[in-house]
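Colleague: Take a look at this one; I'll ask things after.
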Amino acid sequence: MENKILDITLLFSLIIAIIIVYFFVSIIRYHRRYMRLQREKIFAEITIRENERKRIAGDLHDSLGPLLSAVKLNISNVDIEDPQDKAILDKTAGYLDEIIGSMRRISHDLLPNTLERKGLLEAIREFINQVNVKQSLNIQLYVVKEIQVPKEKEIHIFRMIQEIVHNTLKHAHAGNLQIGLSEEGGNLLFLAKDDGRGFDKEKALTGSQGLGLRSLESRCEILNGVLSLESKPGSGTNYFIKIPVG
């Protein structure tokens, strides 16, 4: 009788153990499926956003740009003797120059032509030079080893560098930002270090600054990369990113 009770107890224990294992396996499978769907959703959203940027940049560059240039040419060809009317036309031509310049900058921000024509490194160098000219932030770029990145990944890496620079300009109040790029073992290695005021990462993720950090995490995730961020108030910020490009 005791042996029978023991056998029944062992059988129930085995059944309960199987149920628990099945439960945990189901949770793990569901979590993996959920993470995969989230990654696919993020990738789709970012792809749609980049395609829309590309379309708008193309419209500005190929349609509005030539049209505004033609308007300016027509104005400059108008022969007016009255000094006041001529002054108005000259002022209008000046406004058109400003509009054309602003439109080109917007088009470039949406999709840098250099990225399409000369690749990632030249686009990064051009972007950093523009920031150094216009902003008080001093950015130094170090390319330890020339990198070869698949075309479909270039735009994401470029946007991540843009995001880090913009975060540094907007939040860090830094005087210097050092950026290092290299390739090792089929991976792109990216390090950025600023001498700004730093921040509390957990608090930042719940505020407006967290939008930029989440964008970095999202792009890193869809590239199967790893993002490590170190910062605390008063000690600057360090970004380390590792992305497979082989």
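The chains in the structure tokens are called A, B, ... from first to last as shown; in each chain the residues are counted from 1, and the ligands are counted from 1 in the order shown.
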Quick one: residues within 12 Å of stretch 97-99 of chain A, only C-alpha atoms, excluding same-chain residues fewer than 5 positions away - as JSON, numbers by chain?
Modeller: {"A": [60, 64, 65, 67, 68, 69, 70, 71, 72, 73, 90, 91, 92, 104, 105, 106]}
Colleague: For the residues selected in the previous step, produce a file with C-alpha atoms as a PDB file, in the first residue's frame.
Modeller:
ATOM      1  CA  LEU A  60      13.232  69.197 -52.734  1.00  0.00           C
ATOM      2  CA  LEU A  64      11.605  72.679 -55.949  1.00  0.00           C
ATOM      3  CA  GLY A  65      15.309  73.487 -56.331  1.00  0.00           C
ATOM      4  CA  LEU A  67      11.943  75.728 -59.965  1.00  0.00           C
ATOM      5  CA  LEU A  68      13.196  78.316 -57.468  1.00  0.00           C
ATOM      6  CA  SER A  69      16.405  78.772 -59.460  1.00  0.00           C
ATOM      7  CA  ALA A  70      14.324  79.424 -62.587  1.00  0.00           C
ATOM      8  CA  VAL A  71      12.227  82.009 -60.707  1.00  0.00           C
ATOM      9  CA  LYS A  72      15.387  83.772 -59.545  1.00  0.00           C
ATOM     10  CA  LEU A  73      16.779  83.751 -63.109  1.00  0.00           C
ATOM     11  CA  ASP A  90      16.933  92.717 -55.556  1.00  0.00           C
ATOM     12  CA  LYS A  91      15.536  92.077 -52.082  1.00  0.00           C
ATOM     13  CA  THR A  92      13.234  89.384 -53.486  1.00  0.00           C
ATOM     14  CA  ARG A 104      19.438  72.494 -49.694  1.00  0.00           C
ATOM     15  CA  ARG A 105      20.324  72.196 -45.999  1.00  0.00           C
ATOM     16  CA  ILE A 106      17.003  70.505 -45.253  1.00  0.00           C
TER      17      ILE A 106
END
Colleague: Which value, in Å to one decimal, gives the distance between atom CA of A:Arg214 and atom CA of A:Lys145?
Modeller: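 Rounded to one decimal, the two atoms are 28.2 Å apart.
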Colleague: Mind checking which residues fall within 8 Å of stretch 152-163 of chain A, counting only C-alpha atoms, ignoring those fewer than 2 positions away in the same chain, and posting them as a PyMOL selection string?
Modeller: chain A and resi 115+119-120+123-124+149-150+165-167+212+215-216+219+223
Colleague: Name all residues at most 10 Å from stretch 182-187 of chain A (count only C-alpha atoms; drop same-chain ones fewer than 5 positions away) and give them as a list in words.
Modeller: Tyr142, Val143, Val144, Lys145, Glu146, Ile147, Gln148, Val149, Gly225, Ile241, Lys242, Ile243, Pro244, Val245 and Gly246 of chain A
Colleague: Please dump the current selection as a short mmCIF file (atom, residue, chain, number, x, y, z; two decimals), in the first residue's frame; keep N, CA and C atoms.
Modeller:
data_model
loop_
_atom_site.label_atom_id
_atom_site.label_comp_id
_atom_site.auth_asym_id
_atom_site.auth_seq_id
_atom_site.Cartn_x
_atom_site.Cartn_y
_atom_site.Cartn_z
N TYR A 142 38.40 59.99 -35.16
CA TYR A 142 39.56 59.12 -35.31
C TYR A 142 39.11 57.84 -36.01
N VAL A 143 39.67 57.59 -37.17
CA VAL A 143 39.39 56.34 -37.89
C VAL A 143 40.60 55.45 -37.72
N VAL A 144 40.50 54.50 -36.79
CA VAL A 144 41.63 53.62 -36.47
C VAL A 144 41.89 52.66 -37.62
N LYS A 145 40.81 52.18 -38.23
CA LYS A 145 40.93 51.25 -39.34
C LYS A 145 39.78 51.50 -40.29
N GLU A 146 40.07 51.58 -41.59
CA GLU A 146 39.03 51.81 -42.58
C GLU A 146 37.95 50.73 -42.50
N ILE A 147 36.71 51.15 -42.59
CA ILE A 147 35.60 50.21 -42.41
C ILE A 147 34.84 50.02 -43.71
N GLN A 148 34.38 48.81 -43.91
CA GLN A 148 33.53 48.48 -45.05
C GLN A 148 32.17 48.06 -44.51
N VAL A 149 31.15 48.85 -44.82
CA VAL A 149 29.81 48.61 -44.28
C VAL A 149 28.83 48.35 -45.42
N GLY A 225 23.21 44.73 -33.18
CA GLY A 225 24.37 45.29 -32.50
C GLY A 225 24.20 45.36 -31.00
N ILE A 241 29.46 51.16 -29.22
CA ILE A 241 28.55 50.43 -30.09
C ILE A 241 29.35 49.40 -30.89
N LYS A 242 28.82 48.20 -30.93
CA LYS A 242 29.45 47.11 -31.72
C LYS A 242 28.40 46.54 -32.66
N ILE A 243 28.66 46.62 -33.95
CA ILE A 243 27.69 46.19 -34.97
C ILE A 243 28.36 45.22 -35.94
N PRO A 244 27.79 44.03 -36.15
CA PRO A 244 28.37 43.12 -37.14
C PRO A 244 28.17 43.65 -38.57
N VAL A 245 29.26 43.72 -39.33
CA VAL A 245 29.19 44.23 -40.69
C VAL A 245 29.81 43.26 -41.69
N GLY A 246 30.32 42.14 -41.20
CA GLY A 246 30.95 41.17 -42.06
C GLY A 246 29.94 40.33 -42.82
#
Colleague: Apply DSSP to the backbone of this structure and, from stretch 35-176 of chain A, keep only the residues in strand (DSSP E); write these as a list in words.
Modeller: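 Selection result, strand (DSSP E) within stretch 35-176 of chain A: Asn138, Ile139, Gln140, Leu141, Tyr142, Val143 and Asn176 of chain A.
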Colleague: Would you write out those residues with N, CA and C atoms, as a compact mmCIF listing (two decimals), in the first residue's frame?
Modeller:
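Here's the written file part.txt:
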# COMPACT_ATOMS: atom_id res chain seq x y z
N ASN A 138 33.52 71.07 -30.23
CA ASN A 138 34.66 70.63 -31.02
C ASN A 138 34.63 69.10 -31.13
N ILE A 139 34.40 68.60 -32.35
CA ILE A 139 34.32 67.16 -32.58
C ILE A 139 35.58 66.68 -33.27
N GLN A 140 36.19 65.66 -32.70
CA GLN A 140 37.38 65.05 -33.30
C GLN A 140 37.04 63.62 -33.72
N LEU A 141 37.33 63.30 -34.97
CA LEU A 141 37.05 61.97 -35.51
C LEU A 141 38.35 61.20 -35.70
N TYR A 142 38.40 59.99 -35.16
CA TYR A 142 39.56 59.12 -35.31
C TYR A 142 39.11 57.84 -36.01
N VAL A 143 39.67 57.59 -37.17
CA VAL A 143 39.39 56.34 -37.89
C VAL A 143 40.60 55.45 -37.72
N ASN A 176 33.92 69.32 -25.95
CA ASN A 176 34.61 68.41 -26.85
C ASN A 176 33.88 67.07 -26.94
